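Data file: final-v7.cif. Format and content: mmCIF, C-alpha atoms and all ligand atoms.
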data_protein
#
loop_
_atom_site.label_atom_id
_atom_site.label_comp_id
_atom_site.auth_asym_id
_atom_site.auth_seq_id
_atom_site.Cartn_x
_atom_site.Cartn_y
_atom_site.Cartn_z
CA MET A 1 18.21 12.28 1.33
CA SER A 2 16.15 10.50 -1.33
CA LEU A 3 12.44 11.18 -1.05
CA LEU A 4 9.64 8.66 -1.55
CA LEU A 5 6.34 10.33 -2.43
CA THR A 6 3.19 8.20 -2.25
CA LEU A 7 -0.15 9.39 -3.59
CA GLY A 8 -3.57 7.96 -2.73
CA GLU A 9 -6.45 7.80 -0.27
CA VAL A 10 -6.10 7.24 3.46
CA LEU A 11 -9.31 5.97 5.06
CA ALA A 12 -10.73 5.43 8.51
CA VAL A 13 -11.10 1.68 9.08
CA VAL A 14 -13.35 -0.07 11.57
CA ASN A 15 -12.78 -3.76 12.20
CA ALA A 16 -15.48 -5.93 13.77
CA GLU A 17 -14.00 -7.49 16.88
CA GLU A 18 -16.19 -10.58 16.68
CA PRO A 19 -17.65 -12.72 13.90
CA GLY A 20 -21.29 -12.37 12.95
CA PRO A 21 -23.55 -9.56 11.78
CA PRO A 22 -23.09 -6.23 13.57
CA ARG A 23 -25.51 -5.65 16.46
CA VAL A 24 -26.19 -2.77 18.81
CA GLY A 25 -23.18 -2.68 21.10
CA SER A 26 -20.88 -4.73 18.80
CA GLY A 27 -17.24 -3.87 19.27
CA PHE A 28 -15.25 -2.29 16.45
CA ARG A 29 -11.55 -1.42 16.50
CA LEU A 30 -10.74 1.89 14.82
CA THR A 31 -7.63 2.51 12.78
CA VAL A 32 -6.63 4.25 9.55
CA ALA A 33 -5.25 2.64 6.42
CA GLY A 34 -4.98 2.86 2.66
CA ALA A 35 -2.72 1.08 0.20
CA GLU A 36 -0.41 4.03 -0.40
CA SER A 37 -0.44 5.35 3.16
CA ASN A 38 0.46 1.84 4.36
CA VAL A 39 3.47 1.91 2.04
CA ALA A 40 4.40 5.35 3.35
CA VAL A 41 4.33 4.20 6.98
CA GLY A 42 6.20 0.97 6.24
CA ALA A 43 8.99 2.76 4.40
CA ALA A 44 9.23 5.50 7.06
CA ARG A 45 9.65 2.85 9.77
CA LEU A 46 12.62 1.52 7.82
CA GLY A 47 14.20 4.96 7.85
CA ALA A 48 13.13 6.33 4.45
CA ASP A 49 12.26 9.97 3.91
CA VAL A 50 8.59 9.76 2.91
CA ALA A 51 5.73 12.13 2.09
CA PHE A 52 2.09 11.27 1.45
CA ALA A 53 -0.18 13.26 -0.89
CA GLY A 54 -3.96 12.96 -0.82
CA ARG A 55 -7.17 14.46 0.57
CA VAL A 56 -9.02 13.94 3.83
CA GLY A 57 -12.22 15.51 5.15
CA ASP A 58 -12.33 18.29 7.72
CA ASP A 59 -13.50 15.78 10.32
CA GLU A 60 -12.27 13.61 13.18
CA PHE A 61 -11.21 10.76 10.92
CA GLY A 62 -9.24 13.11 8.70
CA ARG A 63 -7.50 14.58 11.72
CA LEU A 64 -6.76 11.09 13.02
CA ALA A 65 -5.22 10.06 9.70
CA ARG A 66 -3.04 13.17 9.67
CA THR A 67 -1.95 12.57 13.26
CA VAL A 68 -1.09 8.92 12.60
CA LEU A 69 0.91 9.68 9.47
CA ARG A 70 2.74 12.55 11.12
CA GLY A 71 3.41 10.42 14.19
CA GLU A 72 4.94 7.76 11.97
CA GLY A 73 7.28 10.33 10.47
CA VAL A 74 5.49 10.67 7.12
CA GLY A 75 5.41 14.19 5.66
CA VAL A 76 1.81 15.43 5.42
CA GLU A 77 2.31 18.87 3.88
CA ALA A 78 0.68 17.53 0.68
CA LEU A 79 -2.31 16.03 2.52
CA VAL A 80 -5.11 18.44 1.63
CA THR A 81 -8.07 19.01 3.98
CA ASP A 82 -11.32 19.09 2.01
CA PRO A 83 -14.10 20.99 3.82
CA GLY A 84 -16.74 19.69 1.40
CA ALA A 85 -16.55 15.91 1.80
CA PRO A 86 -16.00 13.34 4.55
CA THR A 87 -12.95 11.16 5.02
CA GLY A 88 -13.62 7.76 3.43
CA LEU A 89 -14.44 4.76 5.57
CA MET A 90 -13.74 1.05 5.25
CA VAL A 91 -15.67 -1.47 7.35
CA LYS A 92 -14.33 -4.97 7.88
CA LEU A 93 -16.88 -7.53 9.06
CA GLN A 94 -16.36 -11.20 9.81
CA ARG A 95 -19.57 -12.96 8.77
CA LEU A 96 -17.90 -16.25 9.70
CA PRO A 97 -14.79 -16.55 11.88
CA GLY A 98 -11.80 -15.60 9.74
CA ALA A 99 -13.92 -14.75 6.66
CA VAL A 100 -13.35 -11.01 6.45
CA GLY A 101 -15.55 -9.01 4.09
CA VAL A 102 -14.64 -5.43 3.23
CA ARG A 103 -17.22 -2.73 2.53
CA TYR A 104 -16.16 0.72 1.37
CA TYR A 105 -17.94 3.97 2.16
CA ARG A 106 -15.72 6.07 -0.06
CA ALA A 107 -17.92 7.17 -3.00
CA GLY A 108 -17.80 10.98 -2.88
CA SER A 109 -15.21 10.91 -0.10
CA ALA A 110 -12.57 13.60 0.21
CA GLY A 111 -9.93 11.14 -0.99
CA SER A 112 -11.93 10.25 -4.08
CA ARG A 113 -12.12 13.99 -4.95
CA LEU A 114 -8.36 14.07 -5.40
CA SER A 115 -7.58 16.04 -8.54
CA PRO A 116 -4.54 17.24 -10.48
CA ASP A 117 -4.85 20.62 -8.70
CA ASP A 118 -3.90 18.89 -5.43
CA LEU A 119 -0.56 17.64 -6.69
CA PRO A 120 2.46 19.03 -4.84
CA ASP A 121 4.68 20.31 -7.67
CA ASP A 122 7.66 20.82 -5.37
CA LEU A 123 7.54 17.25 -4.00
CA LEU A 124 6.99 15.77 -7.45
CA ARG A 125 10.14 17.57 -8.57
CA ALA A 126 12.10 16.54 -5.46
CA ALA A 127 11.05 12.89 -5.26
CA SER A 128 13.43 10.08 -6.17
CA VAL A 129 10.52 7.64 -6.34
CA LEU A 130 6.78 8.26 -6.83
CA HIS A 131 4.61 5.35 -5.68
CA VAL A 132 1.03 5.06 -6.91
CA SER A 133 -1.37 2.14 -6.96
CA GLY A 134 -4.28 0.93 -9.03
CA VAL A 135 -6.70 1.96 -6.29
CA THR A 136 -6.45 5.70 -7.03
CA PRO A 137 -7.55 5.59 -10.70
CA ALA A 138 -10.55 3.48 -9.64
CA LEU A 139 -11.88 6.16 -7.28
CA SER A 140 -13.08 8.85 -9.70
CA GLU A 141 -12.26 10.57 -12.99
CA SER A 142 -10.42 13.35 -11.17
CA ALA A 143 -8.43 10.90 -9.03
CA ARG A 144 -7.51 8.99 -12.17
CA ALA A 145 -6.35 12.22 -13.81
CA ALA A 146 -4.33 13.05 -10.69
CA ALA A 147 -2.57 9.68 -10.78
CA PHE A 148 -1.61 10.07 -14.45
CA CYS A 149 -0.53 13.73 -14.01
CA ALA A 150 1.61 12.80 -11.01
CA VAL A 151 3.30 9.99 -12.93
CA GLU A 152 3.98 12.29 -15.88
CA ALA A 153 5.34 15.13 -13.73
CA ALA A 154 7.52 12.94 -11.53
CA SER A 155 8.84 11.00 -14.50
CA ALA A 156 9.67 14.21 -16.37
CA ALA A 157 11.54 15.44 -13.28
CA GLY A 158 13.64 12.26 -13.23
CA ALA A 159 11.92 10.20 -10.50
CA LEU A 160 11.45 6.47 -10.75
CA ILE A 161 7.80 5.44 -10.98
CA SER A 162 6.68 2.64 -8.68
CA PHE A 163 3.27 1.14 -9.45
CA ASP A 164 1.36 -1.52 -7.52
CA VAL A 165 -1.50 -2.91 -9.61
CA ASN A 166 -3.67 -3.39 -6.50
CA TYR A 167 -6.81 -4.35 -8.42
CA ARG A 168 -9.94 -3.85 -6.29
CA SER A 169 -12.96 -5.74 -7.61
CA ARG A 170 -15.26 -3.74 -5.31
CA LEU A 171 -14.35 -0.56 -7.19
CA TRP A 172 -14.39 -1.56 -10.88
CA THR A 173 -14.57 -4.48 -13.28
CA PRO A 174 -11.55 -6.07 -14.99
CA ASP A 175 -12.73 -4.82 -18.40
CA VAL A 176 -12.92 -1.19 -17.25
CA ALA A 177 -9.74 -1.45 -15.20
CA ARG A 178 -7.56 -3.24 -17.77
CA PRO A 179 -6.70 -0.36 -20.14
CA VAL A 180 -6.10 2.03 -17.24
CA LEU A 181 -3.97 -0.33 -15.15
CA SER A 182 -2.06 -1.52 -18.23
CA ASP A 183 -1.26 2.08 -19.15
CA LEU A 184 0.04 2.89 -15.67
CA ALA A 185 1.97 -0.40 -15.50
CA SER A 186 3.65 0.40 -18.81
CA ARG A 187 5.00 3.66 -17.30
CA ALA A 188 6.47 1.95 -14.22
CA ASP A 189 10.15 1.49 -13.49
CA ILE A 190 9.25 -0.68 -10.50
CA LEU A 191 6.13 -2.81 -10.91
CA PHE A 192 4.39 -4.78 -8.16
CA VAL A 193 1.75 -7.23 -9.33
CA GLY A 194 0.04 -10.12 -7.56
CA GLU A 195 0.00 -13.41 -9.45
CA ASP A 196 -3.80 -13.32 -9.13
CA GLU A 197 -3.86 -9.87 -10.78
CA THR A 198 -2.09 -10.48 -14.07
CA HIS A 199 -5.49 -10.92 -15.79
CA VAL A 200 -6.24 -7.23 -15.26
CA LEU A 201 -3.22 -6.29 -17.38
CA THR A 202 -3.12 -6.84 -21.14
CA SER A 203 0.35 -8.26 -20.43
CA VAL A 204 2.95 -7.88 -17.69
CA PRO A 205 5.19 -5.16 -19.14
CA ASP A 206 8.94 -5.47 -19.26
CA ALA A 207 9.59 -2.88 -16.52
CA PRO A 208 13.21 -2.72 -15.29
CA GLU A 209 12.10 -4.17 -11.92
CA VAL A 210 9.06 -6.47 -11.79
CA LEU A 211 7.96 -8.09 -8.52
CA LEU A 212 5.40 -10.83 -8.99
CA LYS A 213 3.91 -11.43 -5.52
CA ARG A 214 2.78 -14.93 -4.70
CA GLY A 215 1.37 -14.62 -1.19
CA GLY A 216 2.57 -17.33 1.21
CA ARG A 217 4.64 -18.79 -1.63
CA GLY A 218 6.91 -15.75 -1.88
CA CYS A 219 7.85 -13.73 -4.93
CA ALA A 220 9.38 -13.88 -8.38
CA GLY A 221 11.56 -10.85 -9.13
CA ARG A 222 12.60 -9.94 -12.66
CA PHE A 223 15.42 -7.43 -12.76
CA GLY A 224 16.60 -6.40 -16.21
CA GLY A 225 15.74 -9.76 -17.74
CA THR A 226 17.10 -11.94 -14.91
CA GLU A 227 14.45 -13.83 -12.94
CA THR A 228 14.88 -14.71 -9.26
CA VAL A 229 12.30 -16.86 -7.49
CA ARG A 230 12.28 -16.56 -3.73
CA PRO A 231 10.21 -18.39 -1.09
CA ALA A 232 8.26 -16.48 1.54
CA ARG A 233 9.70 -16.18 5.05
CA ARG A 234 8.12 -18.77 7.32
CA VAL A 235 5.90 -17.14 9.92
CA ALA A 236 2.60 -17.88 11.66
CA ALA A 237 0.12 -15.90 9.55
CA VAL A 238 -2.70 -14.16 11.42
CA ASP A 239 -3.99 -11.52 8.97
CA PRO A 240 -2.93 -11.61 5.29
CA VAL A 241 -4.24 -8.13 4.45
CA GLY A 242 -1.54 -5.52 4.02
CA ALA A 243 1.21 -7.95 3.05
CA GLY A 244 1.46 -6.46 -0.42
CA ASP A 245 1.82 -2.90 0.86
CA ALA A 246 4.38 -3.99 3.44
CA PHE A 247 6.30 -5.81 0.72
CA ALA A 248 6.34 -2.67 -1.46
CA ALA A 249 7.43 -0.56 1.53
CA GLY A 250 10.38 -2.83 2.25
CA TYR A 251 11.44 -2.97 -1.36
CA LEU A 252 11.21 0.77 -1.95
CA ALA A 253 12.91 1.75 1.30
CA ASP A 254 15.90 -0.37 0.33
CA ARG A 255 16.04 0.86 -3.26
CA LEU A 256 15.93 4.45 -1.95
CA ALA A 257 18.80 3.62 0.38
CA GLY A 258 20.80 2.52 -2.66
CA ARG A 259 20.61 -1.24 -2.14
CA PRO A 260 20.43 -3.42 -5.27
CA PRO A 261 17.14 -5.11 -6.27
CA ALA A 262 18.12 -8.57 -4.96
CA ASP A 263 18.87 -7.15 -1.49
CA ALA A 264 15.71 -5.04 -1.55
CA LEU A 265 13.78 -8.22 -2.32
CA ASP A 266 15.15 -9.78 0.90
CA THR A 267 13.82 -6.85 2.89
CA ALA A 268 10.48 -6.98 1.06
CA LEU A 269 10.07 -10.68 1.88
CA ALA A 270 10.75 -9.83 5.52
CA THR A 271 8.35 -6.87 5.72
CA GLY A 272 5.63 -8.84 3.89
CA ALA A 273 6.05 -11.62 6.44
CA PHE A 274 5.93 -9.19 9.37
CA ALA A 275 2.63 -7.79 8.07
CA VAL A 276 0.85 -11.15 8.18
CA THR A 277 1.93 -11.96 11.73
CA GLN A 278 -0.28 -9.27 13.26
CA PRO A 279 -3.75 -7.84 12.72
CA GLY A 280 -3.92 -4.53 10.86
CA ASP A 281 -2.35 -3.44 7.59
CA TRP A 282 0.64 -1.52 8.93
CA GLU A 283 0.60 -1.53 12.72
CA GLY A 284 3.01 -4.47 13.05
CA LEU A 285 5.54 -3.32 10.46
CA PRO A 286 9.17 -3.42 11.57
CA ARG A 287 11.84 -0.85 12.17
CA ARG A 288 15.08 -1.72 10.42
CA ASP A 289 16.68 -3.07 13.61
CA GLU A 290 13.73 -5.45 14.03
CA LEU A 291 14.07 -7.19 10.66
CA ALA A 292 16.54 -9.71 12.08
CA LEU A 293 13.92 -10.90 14.58
CA LEU A 294 12.60 -13.17 11.83
CA ASP A 295 15.86 -15.12 11.97
CA GLU A 296 15.51 -15.81 15.68
CA ASN A 297 14.01 -18.79 17.36
CA PRO A 298 10.43 -17.80 18.29
CA GLU A 299 11.05 -19.27 21.77
CA THR A 300 13.81 -16.71 22.39
CA VAL A 301 13.16 -14.27 25.21
CA GLN A 302 15.18 -11.06 24.87
CA ARG A 303 16.32 -9.92 28.33
P1 LIG A 401 -2.67 -7.68 0.09
O1 LIG A 401 -3.42 -7.11 -1.11
O2 LIG A 401 -3.48 -8.64 0.89
O3 LIG A 401 -2.00 -6.66 0.91
P2 LIG A 401 -1.02 -8.85 -1.98
O4 LIG A 401 -1.96 -9.84 -2.61
O5 LIG A 401 -0.74 -7.59 -2.68
O6 LIG A 401 -1.48 -8.56 -0.49
P3 LIG A 401 0.70 -11.00 -1.28
O7 LIG A 401 1.20 -11.73 -2.47
O8 LIG A 401 -0.39 -11.62 -0.49
O9 LIG A 401 0.37 -9.51 -1.71
O10 LIG A 401 1.91 -10.77 -0.25
C1 LIG A 401 3.03 -9.98 -0.58
C2 LIG A 401 4.25 -10.64 -0.05
O11 LIG A 401 4.16 -10.76 1.37
C3 LIG A 401 4.49 -12.04 -0.59
O12 LIG A 401 5.19 -11.98 -1.83
C4 LIG A 401 5.31 -12.65 0.54
O13 LIG A 401 6.66 -12.30 0.42
C5 LIG A 401 4.72 -11.98 1.79
N1 LIG A 401 3.69 -12.84 2.37
C6 LIG A 401 2.38 -12.88 2.07
N2 LIG A 401 1.74 -13.85 2.77
C7 LIG A 401 2.68 -14.44 3.54
C8 LIG A 401 2.69 -15.52 4.49
N3 LIG A 401 1.57 -16.19 4.78
N4 LIG A 401 3.85 -15.85 5.08
C9 LIG A 401 4.99 -15.18 4.80
N5 LIG A 401 5.07 -14.16 3.92
C10 LIG A 401 3.94 -13.79 3.28
#

I need this file expressed as structure tokens, please.
Ligand code: ATP
Amino acid sequence: MSLLLTLGEVLAVVNAEEPGPPRVGSGFRLTVAGAESNVAVGAARLGADVAFAGRVGDDEFGRLARTVLRGEGVGVEALVTDPGAPTGLMVKLQRLPGAVGVRYYRAGSAGSRLSPDDLPDDLLRAASVLHVSGVTPALSESARAAAFCAVEAASAAGALISFDVNYRSRLWTPDVARPVLSDLASRADILFVGEDETHVLTSVPDAPEVLLKRGGRGCAGRFGGTETVRPARRVAAVDPVGAGDAFAAGYLADRLAGRPPADALDTALATGAFAVTQPGDWEGLPRRDELALLDENPETVQR
């Protein structure tokens, strides 16, 4: 079966349950997430054979991340445990209702210490698709080197390279990011870019498959020179975060299963829509037999 290998940092995430500044006794909901681990989970739920490569600390959060990924059917043999650094943490606060601010505690984290030595040579050789995102090269010099080495090794072994620009302004500036993200984008066979991210690329390269994400307005796909503009699926949006990762997961799972780009785009539009209907980046993502639920009348009760 075709293997999808994703490489990146999985973090512990705590979400404030109520708006306002945190106080003694404030409630926080714990989960784990990360751009590339979200893609891994989303694709695994759709039936893809997926492995995740990265680093976590030798701590409770690292063990939780491993347990979640394994429980979702994602291969974790290339998830290294680092005894010398903690698992990274992301805190989501709501200063005003609905206005979510993200703060990272990931400088020096295990995930940011990812290096080329961590790369799983066997999986890089076996993968049909390697998925990386623009988060990893922003984490550290060694993580950046790991991302480039992985792309080179997987590409040389015949894998398709999938790259999601995923620009994070909390991690670096556009001027520092631009040459790095443009270089990675130029190596991609499948390129995911948000329409609000094109300014961090010198230009949008002519990759064989380009998916320009447009949030609640849908997506423009460019496949070998032919452009297809598609509206988003209509859903009641609750939490927009994670839509991009869900979209990539749906697209990649279908391409791995041998479906053509236009069909994979249908699935991506559906998985992106699923992601916004529920809180959390990946928790609400669908199994393949649930995709059709979007076509049903929301009043329908299944008995
Ligand atoms: P994020 O970084 O928040 O995970 P993103 O900016 O990478 O997301 P978006 O463009 O927001 O990605 O969303 C990706 C896809 O998900 C869109 O192209 C669309 O198909 C779907 N999507 C996003 N928002 C909505 C919405 N409100 N309703 C339906 N579908 C949506």

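Using only C-alpha atoms and all ligand atoms, the smallest distance between any of A:Ala253, A:Ala43, A:Ala33, A:Ala268 and ligand LIG 401 (chain A) comes from A:Ala268.
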
inquiry  = Env of region 80-96 of chain A: 10 Å cut, atoms = all atoms listed in the file, seq-sep filter 4 positions within chain, self excluded. Answer as a PyMOL selection string.
reply    = chain A and resi 9-22+28-34+53-63+65-66+76+100-114+118-120

inquiry  = Neighbours of ligand LIG 401 (chain A) at 9 Å or closer, counting only C-alpha atoms and all ligand atoms: which residues, as a PyMOL selection string?
reply    = chain A and resi 35+164-168+192-197+211-220+230-248+265-266+268-277+281

query = Distance CA of Pro279 (chain A)-CA of Ala138 (chain A), one decimal place?
reply = 26.0 Å

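We find CA of Gly284 (chain A) and CA of Leu256 (chain A) to be spaced 21.7 Å apart.
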
task = Skip Val50 (chain A) itself and residues of its chain fewer than 4 positions away, then list as a ChimeraX atom specification all residues within 9 Å of it, counting all atoms listed in the file.
result = /A:2-6,40-41,43-44,73-75

Contacts of Arg178 (chain A) within 7 Å, only C-alpha atoms, excl. fewer than 2 positions in-chain, as an mmCIF file with C-alpha atoms, keeping the file's coordinate frame:
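Final output, saved to out.cif:
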data_model
loop_
_atom_site.group_PDB
_atom_site.id
_atom_site.type_symbol
_atom_site.label_atom_id
_atom_site.label_comp_id
_atom_site.auth_asym_id
_atom_site.auth_seq_id
_atom_site.Cartn_x
_atom_site.Cartn_y
_atom_site.Cartn_z
ATOM 1 C CA PRO A 174 -11.550 -6.070 -14.990
ATOM 2 C CA ASP A 175 -12.730 -4.820 -18.400
ATOM 3 C CA VAL A 176 -12.920 -1.190 -17.250
ATOM 4 C CA VAL A 180 -6.100 2.030 -17.240
ATOM 5 C CA LEU A 181 -3.970 -0.330 -15.150
ATOM 6 C CA SER A 182 -2.060 -1.520 -18.230
ATOM 7 C CA VAL A 200 -6.240 -7.230 -15.260
ATOM 8 C CA LEU A 201 -3.220 -6.290 -17.380
ATOM 9 C CA THR A 202 -3.120 -6.840 -21.140
#

ask   = If we count only C-alpha atoms, what is near Arg144 (chain A) at a cut-off of 10 Å, once residues fewer than 3 positions away on the same chain are taken out, given as a PyMOL selection string?
value = chain A and resi 112-116+134-141+147-150+180

Give me, as a JSON list (two decimals) with C-alpha atoms, in the frame of the given file, all polymer residues having an atom no more than 12 Å from Ala126 (chain A), counting only C-alpha atoms and skipping those fewer than 4 positions away in the same chain.
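See part.json below for the written result:
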[["chain", "number", "residue", "atom", "x", "y", "z"],
["A", 1, "MET", "CA", 18.21, 12.28, 1.33],
["A", 2, "SER", "CA", 16.15, 10.50, -1.33],
["A", 3, "LEU", "CA", 12.44, 11.18, -1.05],
["A", 4, "LEU", "CA", 9.64, 8.66, -1.55],
["A", 5, "LEU", "CA", 6.34, 10.33, -2.43],
["A", 49, "ASP", "CA", 12.26, 9.97, 3.91],
["A", 50, "VAL", "CA", 8.59, 9.76, 2.91],
["A", 51, "ALA", "CA", 5.73, 12.13, 2.09],
["A", 120, "PRO", "CA", 2.46, 19.03, -4.84],
["A", 121, "ASP", "CA", 4.68, 20.31, -7.67],
["A", 122, "ASP", "CA", 7.66, 20.82, -5.37],
["A", 130, "LEU", "CA", 6.78, 8.26, -6.83],
["A", 153, "ALA", "CA", 5.34, 15.13, -13.73],
["A", 154, "ALA", "CA", 7.52, 12.94, -11.53],
["A", 155, "SER", "CA", 8.84, 11.00, -14.50],
["A", 156, "ALA", "CA", 9.67, 14.21, -16.37],
["A", 157, "ALA", "CA", 11.54, 15.44, -13.28],
["A", 158, "GLY", "CA", 13.64, 12.26, -13.23],
["A", 159, "ALA", "CA", 11.92, 10.20, -10.50],
["A", 160, "LEU", "CA", 11.45, 6.47, -10.75]]

inquiry  = Can you measure CA of Asp206 (chain A) to CA of Arg170 (chain A) for me? One decimal in Å is fine.
reply    = 28.0 Å

If you take every atom of region 112-117 of chain A that the file lists and fit an axis-aligned box around them with 8 Å extra on each side, what centre and edge lengths come out in Å to one decimal, as lines of an AutoDock Vina configuration file?
center_x = -8.3
center_y = 15.4
center_z = -7.3
size_x = 23.6
size_y = 26.4
size_z = 22.4

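Of the residues listed (A:Asn38, A:Phe223, A:Pro97, A:Thr267), A:Thr267 shows the shortest atom-to-atom separation from Glu290 (chain A); distances use all atoms listed in the file.
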
Output region 128-143 of chain A as a compact mmCIF listing (two decimals), in the frame of the given file, making sure N, CA, C and O atoms are there.
# COMPACT_ATOMS: atom_id res chain seq x y z
N SER A 128 12.63 11.07 -5.44
CA SER A 128 13.43 10.08 -6.17
C SER A 128 12.53 8.97 -6.70
O SER A 128 12.81 8.38 -7.74
N VAL A 129 11.48 8.66 -5.92
CA VAL A 129 10.52 7.64 -6.34
C VAL A 129 9.11 8.17 -6.06
O VAL A 129 8.84 8.68 -4.97
N LEU A 130 8.22 8.02 -7.05
CA LEU A 130 6.78 8.26 -6.83
C LEU A 130 6.10 6.90 -6.83
O LEU A 130 6.28 6.12 -7.76
N HIS A 131 5.34 6.63 -5.76
CA HIS A 131 4.61 5.35 -5.68
C HIS A 131 3.12 5.62 -5.79
O HIS A 131 2.56 6.38 -5.01
N VAL A 132 2.48 4.98 -6.78
CA VAL A 132 1.03 5.06 -6.91
C VAL A 132 0.50 3.63 -7.03
O VAL A 132 1.26 2.70 -7.31
N SER A 133 -0.81 3.49 -6.81
CA SER A 133 -1.37 2.14 -6.96
C SER A 133 -2.63 2.20 -7.80
O SER A 133 -3.18 3.29 -8.05
N GLY A 134 -3.09 1.03 -8.20
CA GLY A 134 -4.28 0.93 -9.03
C GLY A 134 -5.56 1.25 -8.31
O GLY A 134 -6.63 1.25 -8.91
N VAL A 135 -5.49 1.56 -7.00
CA VAL A 135 -6.70 1.96 -6.29
C VAL A 135 -7.10 3.37 -6.73
O VAL A 135 -8.28 3.64 -7.03
N THR A 136 -6.14 4.28 -6.79
CA THR A 136 -6.45 5.70 -7.03
C THR A 136 -7.22 5.92 -8.35
O THR A 136 -8.25 6.61 -8.34
N PRO A 137 -6.78 5.34 -9.47
CA PRO A 137 -7.55 5.59 -10.70
C PRO A 137 -8.93 4.97 -10.70
O PRO A 137 -9.76 5.29 -11.56
N ALA A 138 -9.21 4.09 -9.73
CA ALA A 138 -10.55 3.48 -9.64
C ALA A 138 -11.52 4.37 -8.87
O ALA A 138 -12.72 4.12 -8.87
N LEU A 139 -11.02 5.41 -8.20
CA LEU A 139 -11.88 6.16 -7.28
C LEU A 139 -12.79 7.15 -7.99
O LEU A 139 -13.94 7.32 -7.59
N SER A 140 -12.29 7.84 -8.99
CA SER A 140 -13.08 8.85 -9.70
C SER A 140 -12.28 9.30 -10.92
O SER A 140 -11.08 9.01 -11.03
N GLU A 141 -12.96 10.02 -11.81
CA GLU A 141 -12.26 10.57 -12.99
C GLU A 141 -11.15 11.52 -12.57
O GLU A 141 -10.05 11.49 -13.12
N SER A 142 -11.44 12.36 -11.56
CA SER A 142 -10.42 13.35 -11.17
C SER A 142 -9.25 12.68 -10.47
O SER A 142 -8.09 13.08 -10.67
N ALA A 143 -9.52 11.62 -9.69
CA ALA A 143 -8.43 10.90 -9.03
C ALA A 143 -7.57 10.18 -10.08
O ALA A 143 -6.34 10.11 -9.96
